[in-house]
file upload.csv (CSV, C-alpha atoms)
chain,number,residue,atom,x,y,z
A,1,MET,CA,91.6,-18.7,254.8
A,2,SER,CA,90.7,-15.2,255.9
A,3,THR,CA,87.3,-13.9,254.7
A,4,SER,CA,87.9,-10.3,255.7
A,5,VAL,CA,87.6,-7.8,252.9
A,6,GLN,CA,90.9,-6.0,252.3
A,7,PRO,CA,90.7,-2.3,251.5
A,8,ILE,CA,91.6,-1.4,247.9
A,9,GLU,CA,94.3,1.2,247.9
A,10,PRO,CA,94.6,3.8,245.1
A,11,ILE,CA,97.0,2.9,242.3
A,12,ASP,CA,100.3,4.7,242.7
A,13,PRO,CA,101.5,5.9,239.2
A,14,LYS,CA,105.2,5.3,240.0
A,15,ARG,CA,104.6,1.8,241.3
A,16,PHE,CA,102.3,1.1,238.4
A,17,ARG,CA,105.0,2.0,236.0
A,18,GLN,CA,107.6,-0.1,237.8
A,19,LEU,CA,105.4,-3.2,237.8
A,20,LEU,CA,104.6,-2.7,234.1
A,21,GLY,CA,108.3,-2.8,233.6
A,22,CYS,CA,108.3,-6.4,234.8
A,23,PHE,CA,106.8,-7.4,231.4
A,24,PRO,CA,109.6,-7.4,228.7
A,25,THR,CA,108.6,-5.6,225.5
A,26,GLY,CA,110.0,-5.2,222.1
A,27,VAL,CA,111.1,-1.8,220.9
A,28,ALA,CA,109.8,-0.2,217.7
A,29,ILE,CA,110.0,3.1,215.9
A,30,ILE,CA,106.6,4.3,214.7
A,31,THR,CA,106.9,6.4,211.5
A,32,THR,CA,104.6,8.5,209.4
A,33,ASN,CA,104.7,11.6,207.2
A,34,THR,CA,103.8,15.2,207.9
A,35,ALA,CA,101.2,17.0,205.8
A,36,ASP,CA,104.0,18.3,203.5
A,37,GLY,CA,105.6,14.8,203.1
A,38,GLN,CA,108.4,15.0,205.7
A,39,PRO,CA,109.2,11.9,207.6
A,40,LEU,CA,108.8,11.8,211.4
A,41,GLY,CA,109.0,9.1,214.0
A,42,LEU,CA,109.2,8.1,217.6
A,43,THR,CA,110.3,5.2,219.8
A,44,CYS,CA,107.6,3.1,221.2
A,45,ASN,CA,107.3,-0.1,223.2
A,46,SER,CA,103.4,-0.2,223.3
A,47,PHE,CA,103.1,-2.0,220.0
A,48,SER,CA,100.8,-5.0,220.0
A,49,SER,CA,99.0,-7.3,217.6
A,50,VAL,CA,95.2,-7.1,217.6
A,51,SER,CA,93.7,-9.3,215.0
A,52,LEU,CA,94.7,-11.8,212.3
A,53,GLU,CA,91.6,-11.4,210.1
A,54,PRO,CA,91.8,-8.6,209.2
A,55,PRO,CA,95.5,-8.1,210.1
A,56,LEU,CA,95.3,-5.4,212.8
A,57,VAL,CA,98.0,-4.0,215.1
A,58,LEU,CA,98.1,-1.1,217.5
A,59,PHE,CA,100.4,1.4,219.3
A,60,SER,CA,99.5,4.1,221.8
A,61,LEU,CA,100.8,7.6,222.0
A,62,ARG,CA,100.8,10.1,224.9
A,63,ASN,CA,98.3,12.8,224.5
A,64,ALA,CA,101.0,15.2,225.7
A,65,SER,CA,103.3,14.2,222.8
A,66,SER,CA,104.3,17.0,220.5
A,67,LEU,CA,103.7,14.5,217.6
A,68,LEU,CA,100.2,13.6,218.5
A,69,GLY,CA,98.6,16.1,216.0
A,70,GLN,CA,100.8,14.8,213.2
A,71,PHE,CA,99.7,11.2,213.8
A,72,MET,CA,96.1,12.2,214.2
A,73,SER,CA,96.0,13.8,210.8
A,74,ALA,CA,98.0,11.0,209.0
A,75,GLU,CA,96.1,8.2,207.4
A,76,THR,CA,99.1,5.7,207.4
A,77,PHE,CA,101.9,4.7,209.7
A,78,ALA,CA,104.6,2.1,209.9
A,79,ILE,CA,105.9,-0.1,212.7
A,80,ASN,CA,109.6,-0.7,212.5
A,81,ILE,CA,110.7,-3.5,214.9
A,82,LEU,CA,114.3,-2.8,216.1
A,83,SER,CA,117.1,-5.4,216.5
A,84,GLN,CA,119.6,-5.6,219.2
A,85,SER,CA,122.2,-3.7,217.1
A,86,GLN,CA,119.8,-0.8,216.7
A,87,ASP,CA,119.7,0.4,220.3
A,88,ALA,CA,121.3,3.7,219.2
A,89,LEU,CA,118.3,4.3,216.9
A,90,SER,CA,115.9,3.7,219.8
A,91,GLY,CA,117.7,6.5,221.8
A,92,ARG,CA,117.8,8.8,218.8
A,93,PHE,CA,114.0,8.6,218.1
A,94,ALA,CA,113.3,9.0,221.8
A,95,SER,CA,115.3,12.2,222.0
A,96,LYS,CA,114.5,15.8,221.3
A,97,ILE,CA,116.7,15.9,218.2
A,98,VAL,CA,114.9,18.0,215.6
A,99,ASP,CA,115.7,15.9,212.5
A,100,LYS,CA,115.7,12.3,213.8
A,101,PHE,CA,116.1,10.9,210.2
A,102,GLU,CA,119.4,12.7,209.6
A,103,GLY,CA,122.0,10.0,208.9
A,104,VAL,CA,119.4,7.2,209.2
A,105,ASP,CA,119.0,4.8,206.2
A,106,TRP,CA,115.4,4.6,205.3
A,107,ARG,CA,113.1,4.2,202.3
A,108,ALA,CA,109.5,5.0,201.4
A,109,GLY,CA,107.2,1.9,201.6
A,110,PRO,CA,104.5,1.1,199.1
A,111,LEU,CA,102.1,3.4,201.1
A,112,GLY,CA,104.8,6.1,201.2
A,113,THR,CA,105.5,5.8,204.9
A,114,PRO,CA,109.2,5.7,206.1
A,115,LEU,CA,110.6,2.2,206.5
A,116,ILE,CA,113.9,2.1,208.4
A,117,ASP,CA,116.6,-0.2,206.9
A,118,GLY,CA,118.0,-3.1,208.9
A,119,CYS,CA,114.9,-3.6,211.1
A,120,LEU,CA,113.8,-7.1,212.1
A,121,ALA,CA,110.4,-6.5,210.6
A,122,SER,CA,108.2,-3.6,209.3
A,123,PHE,CA,104.5,-3.3,209.1
A,124,GLU,CA,103.0,-0.6,206.9
A,125,CYS,CA,99.5,0.3,208.0
A,126,GLN,CA,96.4,2.2,207.0
A,127,VAL,CA,94.7,3.8,210.0
A,128,HIS,CA,91.7,1.6,211.0
A,129,ALA,CA,90.6,3.4,214.2
A,130,ARG,CA,91.8,5.9,216.8
A,131,HIS,CA,90.6,5.7,220.4
A,132,GLU,CA,91.3,8.1,223.3
A,133,ALA,CA,92.1,6.1,226.5
A,134,GLY,CA,93.1,8.0,229.6
A,135,ASP,CA,96.3,10.0,228.9
A,136,HIS,CA,97.0,8.1,225.7
A,137,THR,CA,95.5,7.7,222.3
A,138,ILE,CA,95.4,4.2,220.8
A,139,PHE,CA,96.0,3.9,217.0
A,140,ILE,CA,94.8,0.7,215.4
A,141,GLY,CA,96.2,0.1,211.9
A,142,GLU,CA,95.3,-2.5,209.2
A,143,VAL,CA,98.5,-4.0,207.9
A,144,LYS,CA,98.8,-3.5,204.1
A,145,HIS,CA,102.4,-4.4,203.5
A,146,MET,CA,105.1,-6.1,205.6
A,147,GLY,CA,108.6,-7.3,205.3
A,148,ALA,CA,111.8,-8.3,207.1
A,149,ASP,CA,115.4,-7.0,206.7
A,150,SER,CA,117.4,-8.7,209.5
A,151,ALA,CA,117.9,-12.1,211.1
A,152,ASP,CA,119.2,-10.5,214.3
A,153,HIS,CA,117.6,-10.8,217.8
A,154,ALA,CA,115.0,-8.3,218.9
A,155,LEU,CA,115.8,-5.3,221.1
A,156,VAL,CA,114.0,-6.0,224.3
A,157,PHE,CA,113.2,-3.4,227.1
A,158,TYR,CA,112.9,-4.7,230.6
A,159,LYS,CA,112.7,-2.9,234.0
A,160,GLY,CA,114.1,0.4,232.6
A,161,ALA,CA,117.0,-1.1,230.6
A,162,TYR,CA,117.6,-3.0,227.4
A,163,MET,CA,117.4,-6.6,228.4
A,164,MET,CA,120.6,-7.7,226.6
A,165,LEU,CA,122.5,-5.1,228.6
A,166,ALA,CA,120.7,-5.8,231.8
A,167,GLU,CA,121.4,-9.5,231.6
A,168,SER,CA,125.0,-9.0,230.8
A,169,LEU,CA,125.4,-6.7,233.8
A,170,ARG,CA,123.6,-9.2,236.1
A,171,LYS,CA,126.2,-11.8,235.1
A,172,LEU,CA,129.1,-9.5,235.6
A,173,VAL,CA,127.9,-8.3,239.0
A,174,VAL,CA,127.0,-11.8,240.4
A,175,GLU,CA,130.3,-13.3,239.2
A,176,GLY,CA,132.2,-10.5,241.0
A,177,GLN,CA,133.7,-9.1,237.8
A,178,LEU,CA,132.8,-5.5,238.7
A,179,GLY,CA,134.9,-4.3,241.6
A,180,THR,CA,133.5,-2.2,244.5
A,181,ALA,CA,136.1,0.6,244.0
A,182,ASP,CA,135.3,0.9,240.3
A,183,ILE,CA,131.6,1.0,240.9
A,184,ASP,CA,131.9,3.6,243.7
A,185,GLU,CA,134.1,5.7,241.4
A,186,ALA,CA,131.4,5.5,238.7
A,187,TYR,CA,128.7,6.5,241.2
A,188,ARG,CA,130.7,9.5,242.4
A,189,THR,CA,131.4,10.6,238.9
A,190,LEU,CA,128.0,10.0,237.3
A,191,TYR,CA,125.7,11.1,240.2
A,192,GLY,CA,128.1,13.9,241.2
A,193,THR,CA,127.7,15.3,237.7
A,194,LEU,CA,123.9,14.8,237.8
A,195,LEU,CA,123.6,16.5,241.1
A,196,ARG,CA,125.5,19.5,239.8
A,197,LEU,CA,123.3,19.7,236.8
A,198,ALA,CA,120.2,19.3,239.0
A,199,CYS,CA,121.3,22.3,241.1
A,200,GLU,CA,121.1,24.3,237.9
A,201,ARG,CA,118.1,22.7,236.1
A,202,ALA,CA,115.8,20.8,238.6
A,203,SER,CA,112.4,22.2,239.3
A,204,ALA,CA,111.0,22.4,242.8
A,205,GLU,CA,108.8,19.4,242.0
A,206,GLU,CA,111.7,17.3,240.9
A,207,ILE,CA,113.6,18.1,244.1
A,208,ASN,CA,110.5,17.2,246.1
A,209,ALA,CA,110.5,13.8,244.3
A,210,ILE,CA,114.1,13.2,245.4
A,211,GLU,CA,113.1,14.0,249.0
A,212,VAL,CA,110.1,11.7,248.8
A,213,ALA,CA,112.3,8.9,247.5
A,214,ALA,CA,114.8,9.5,250.4
A,215,ASN,CA,112.0,9.4,252.9
A,216,GLU,CA,110.7,6.2,251.4
A,217,ILE,CA,114.1,4.5,252.1
A,218,GLU,CA,113.7,5.4,255.7
A,219,GLN,CA,110.3,3.7,255.9
A,220,HIS,CA,111.7,0.3,254.9
A,221,GLN,CA,114.3,-0.4,257.6
A,222,ARG,CA,113.2,-3.7,258.9
A,223,HIS,CA,115.5,-6.6,258.1
A,224,ASP,CA,112.7,-8.4,256.2
A,225,ALA,CA,112.0,-5.3,254.0
A,226,LEU,CA,115.1,-5.7,251.8
A,227,PRO,CA,113.2,-5.8,248.5
A,228,HIS,CA,111.3,-2.6,249.3
A,229,ARG,CA,114.6,-1.0,250.5
A,230,ILE,CA,116.3,-1.9,247.2
A,231,GLU,CA,113.4,-0.4,245.1
A,232,ALA,CA,113.3,2.7,247.3
A,233,THR,CA,117.1,3.2,246.9
A,234,ALA,CA,116.8,2.7,243.1
A,235,ASN,CA,114.0,5.3,243.1
A,236,PHE,CA,116.2,7.8,244.9
A,237,PHE,CA,119.0,7.6,242.4
A,238,SER,CA,116.5,7.6,239.5
A,239,ALA,CA,114.9,10.8,240.8
A,240,ILE,CA,118.4,12.4,240.8
A,241,ALA,CA,118.9,11.3,237.2
A,242,LEU,CA,115.6,12.8,236.1
A,243,ALA,CA,116.4,16.1,237.8
A,244,GLY,CA,119.7,16.4,235.9
A,245,HIS,CA,117.9,16.8,232.6
A,246,ASN,CA,120.5,15.1,230.5
A,247,GLN,CA,119.2,12.2,228.4
A,248,ALA,CA,122.6,10.6,227.8
A,249,LEU,CA,123.5,10.6,231.5
A,250,ARG,CA,120.1,9.4,232.4
A,251,LEU,CA,120.6,6.3,230.2
A,252,MET,CA,123.9,5.7,231.9
A,253,ALA,CA,122.1,6.1,235.3
A,254,GLN,CA,119.6,3.3,234.2
A,255,THR,CA,122.6,1.0,233.7
A,256,MET,CA,124.0,1.9,237.2
A,257,THR,CA,120.5,1.3,238.7
A,258,THR,CA,120.7,-2.3,237.3
A,259,VAL,CA,124.1,-2.7,238.9
A,260,LEU,CA,122.8,-1.3,242.2
A,261,ARG,CA,119.8,-3.7,242.3
A,262,GLU,CA,122.0,-6.8,241.6
A,263,ARG,CA,124.7,-5.8,244.1
A,264,MET,CA,122.2,-5.1,246.9
A,265,THR,CA,120.4,-8.4,246.2
A,266,HIS,CA,123.3,-10.8,245.5
A,267,VAL,CA,126.7,-9.3,246.5
A,268,LEU,CA,126.7,-6.9,249.4
A,269,PRO,CA,124.8,-7.2,252.7
A,270,THR,CA,122.2,-4.5,252.9
A,271,PRO,CA,121.2,-4.1,256.5
A,272,PRO,CA,119.2,-1.1,257.7
A,273,ARG,CA,121.5,2.0,257.8
A,274,PRO,CA,119.8,4.8,259.8
A,275,ASP,CA,123.2,6.4,260.2
A,276,VAL,CA,123.1,7.6,256.6
A,277,PHE,CA,119.6,9.2,256.8
A,278,PRO,CA,121.1,12.7,257.5
A,279,LEU,CA,123.4,12.4,254.4
A,280,ARG,CA,120.5,11.8,252.0
A,281,ARG,CA,118.7,14.7,253.6
A,282,LYS,CA,121.8,16.8,253.2
A,283,ILE,CA,121.8,16.1,249.5
A,284,VAL,CA,118.2,17.3,249.3
A,285,GLU,CA,119.0,20.4,251.3
A,286,CYS,CA,121.9,21.3,249.1
A,287,LEU,CA,119.7,20.9,246.0
A,288,ARG,CA,117.2,23.3,247.4
A,289,GLU,CA,119.9,25.8,248.1
A,290,ARG,CA,121.4,25.2,244.6
A,291,ASP,CA,124.7,24.3,246.3
A,292,ALA,CA,126.4,22.0,243.8
A,293,ASP,CA,129.6,21.5,245.7
A,294,GLY,CA,127.7,20.7,248.9
A,295,ALA,CA,125.4,18.1,247.1
A,296,ALA,CA,128.4,16.4,245.4
A,297,SER,CA,130.3,16.3,248.7
A,298,ALA,CA,127.3,14.8,250.6
A,299,LEU,CA,127.0,12.1,247.9
A,300,ASP,CA,130.7,11.3,248.3
A,301,THR,CA,130.3,11.0,252.1
A,302,LEU,CA,127.1,8.9,251.6
A,303,ILE,CA,129.0,6.4,249.5
A,304,THR,CA,131.9,6.2,251.9
A,305,PHE,CA,129.5,5.6,254.8
A,306,LEU,CA,127.6,2.9,252.9
A,307,ARG,CA,130.8,1.0,252.2
A,308,LYS,CA,131.9,1.3,255.9
A,309,ASP,CA,131.6,-2.1,257.6
A,310,ALA,CA,130.2,-3.6,254.4
A,311,ALA,CA,131.9,-6.7,253.1
A,312,PRO,CA,131.0,-8.9,250.2
A,313,LEU,CA,128.9,-12.0,250.8
A,314,SER,CA,130.8,-15.2,251.4
A,315,ASP,CA,131.9,-17.2,248.4
A,316,ASP,CA,129.5,-19.9,249.3
A,317,ARG,CA,126.6,-17.5,249.5
A,318,SER,CA,127.6,-15.7,246.3
A,319,ASP,CA,127.8,-19.0,244.5
A,320,SER,CA,124.3,-20.0,245.7
A,321,HIS,CA,123.0,-16.7,244.5
A,322,ALA,CA,124.7,-17.1,241.1
A,323,THR,CA,123.1,-20.6,240.9
A,324,ALA,CA,119.7,-19.2,241.8
A,325,VAL,CA,120.0,-16.4,239.2
A,326,ALA,CA,121.1,-18.9,236.5
A,327,ASN,CA,118.1,-21.1,237.4
A,328,GLY,CA,115.7,-18.1,237.2
A,329,ASN,CA,115.0,-18.0,240.9
call {"tool": "encode", "arguments": {"input": "upload.csv", "output": "structure tokens"}}
result
Amino acid sequence: MSTSVQPIEPIDPKRFRQLLGCFPTGVAIITTNTADGQPLGLTCNSFSSVSLEPPLVLFSLRNASSLLGQFMSAETFAINILSQSQDALSGRFASKIVDKFEGVDWRAGPLGTPLIDGCLASFECQVHARHEAGDHTIFIGEVKHMGADSADHALVFYKGAYMMLAESLRKLVVEGQLGTADIDEAYRTLYGTLLRLACERASAEEINAIEVAANEIEQHQRHDALPHRIEATANFFSAIALAGHNQALRLMAQTMTTVLRERMTHVLPTPPRPDVFPLRRKIVECLRERDADGAASALDTLITFLRKDAAPLSDDRSDSHATAVANGN
């Protein structure tokens, strides 16, 4: 066993967020009232229990959130645990919609806080403590009332996607039910649109992030670096999705990222491809020049080149991968 002391590298925020995503979490909507009694809420996956006696729970809120001031001044809040059938509510309360409660069935709880109908469980809390911690504020609440509305399964978030959806996609990909032509068409359509939007909306910093992600792919070209290459490729497409500034398309892109990871891992061979380095650089160059047609064309060529000489894994190998996935390996 080596006794040498390994240097401690600084924590990379992007990698930190990715690794936190390895821990599946439930999804909740945190609600409270404004000073004039209007309901407000936001989607959160930082909910956790704290204590049984007294019954304490917590959630954390970004200090940059526009709702921080409202929650800081409120003396009560409610935790609404979402079910699998409420994924649309999760997206709604995570969006920039002004009136998030419009069309949403809810009622006032015993403490007066909004309780959303149909949730798995709800906890109405009185604020016990608030603590600033880094770039978030932690809110600890003492549960005063609780209840359950649904016997459905919980909505679970895992690696940037809802787990129910991610697991279904994994099965479809590994079993070969998603054809290459259809997937490529989806990539051309979705990311072509996102690139066109990015040419209009992306900041210089967001384009820099796409370039950094492209460069990262080039740093992992050894045959034994496949896991790093997969993550770097996923980061490249995720950066494009962020730069497009369209929440709905970004959610679709998260789905496609799940497909990408599973195909690169279990279906298609993914050898080093230095021949496509210039094409990713061309995409970045076109983004900087705000050349939407050029960026979409470079993406189209990139997909064509990536499919060149790429054949699916043999049936035997695909079956072995499917078995490994089914066994959790």
call {"tool": "atom_distance", "arguments": {"input": "upload.csv", "atom1": "atom CA of Asp99 of chain A", "atom2": "atom CA of Leu42 of chain A"}}
result
11.4 Å
call {"tool": "closest_residue", "arguments": {"input": "upload.csv", "among": "A:Asn33, A:Thr265, A:Asn63, A:Thr113", "to": "Glu132 of chain A", "atoms": "all atoms listed in the file"}}
result
A:Asn63
call {"tool": "closest_residue", "arguments": {"input": "upload.csv", "among": "A:Ile8, A:Cys125, A:Ile207, A:Val259", "to": "Asp182 of chain A", "atoms": "only C-alpha atoms"}}
result
A:Val259
call {"tool": "residues_around", "arguments": {"input": "upload.csv", "residues": "Ile283 of chain A", "least_positions_apart": "2", "cutoff": "6 Å", "atoms": "all atoms listed in the file", "output": "MDAnalysis selection string"}}
result
chainID A and resid 280:281 285:286 295 298
call {"tool": "residues_around", "arguments": {"input": "upload.csv", "residues": "His131 of chain A", "least_positions_apart": "5", "cutoff": "10 Å", "atoms": "all atoms listed in the file", "output": "mmCIF file with C-alpha atoms, keeping the file's coordinate frame"}}
result
data_model
loop_
_atom_site.group_PDB
_atom_site.id
_atom_site.type_symbol
_atom_site.label_atom_id
_atom_site.label_comp_id
_atom_site.auth_asym_id
_atom_site.auth_seq_id
_atom_site.Cartn_x
_atom_site.Cartn_y
_atom_site.Cartn_z
ATOM 1 C CA SER A 60 99.500 4.100 221.800
ATOM 2 C CA HIS A 136 97.000 8.100 225.700
ATOM 3 C CA THR A 137 95.500 7.700 222.300
ATOM 4 C CA ILE A 138 95.400 4.200 220.800
ATOM 5 C CA PHE A 139 96.000 3.900 217.000
ATOM 6 C CA ILE A 140 94.800 0.700 215.400
#
call {"tool": "closest_atom_pairs", "arguments": {"input": "upload.csv", "of": "segment 142-244 of chain A", "to": "segment 84-97 of chain A", "cutoff": "6 Å", "atoms": "all atoms listed in the file", "output": "JSON lines"}}
result
{"residue": "A:His153", "atom": "CA", "partner": "A:Gln84", "partner_atom": "CA", "distance": 5.7}
{"residue": "A:Ala154", "atom": "CA", "partner": "A:Gln84", "partner_atom": "CA", "distance": 5.3}
{"residue": "A:Leu155", "atom": "CA", "partner": "A:Gln84", "partner_atom": "CA", "distance": 4.3}
call {"tool": "residues_around", "arguments": {"input": "upload.csv", "residues": "Ala121 of chain A", "least_positions_apart": "3", "cutoff": "8 Å", "atoms": "all atoms listed in the file", "output": "list in words"}}
result
Asn80, Ile81, Leu82, Met146, Gly147, Ala148, Asp149 and Ser150 of chain A
call {"tool": "residues_around", "arguments": {"input": "upload.csv", "residues": "Ala292 of chain A", "least_positions_apart": "2", "cutoff": "12 Å", "atoms": "all atoms listed in the file", "output": "VMD selection string"}}
result
chain A and resid 191 to 202 244 282 to 290 294 to 299
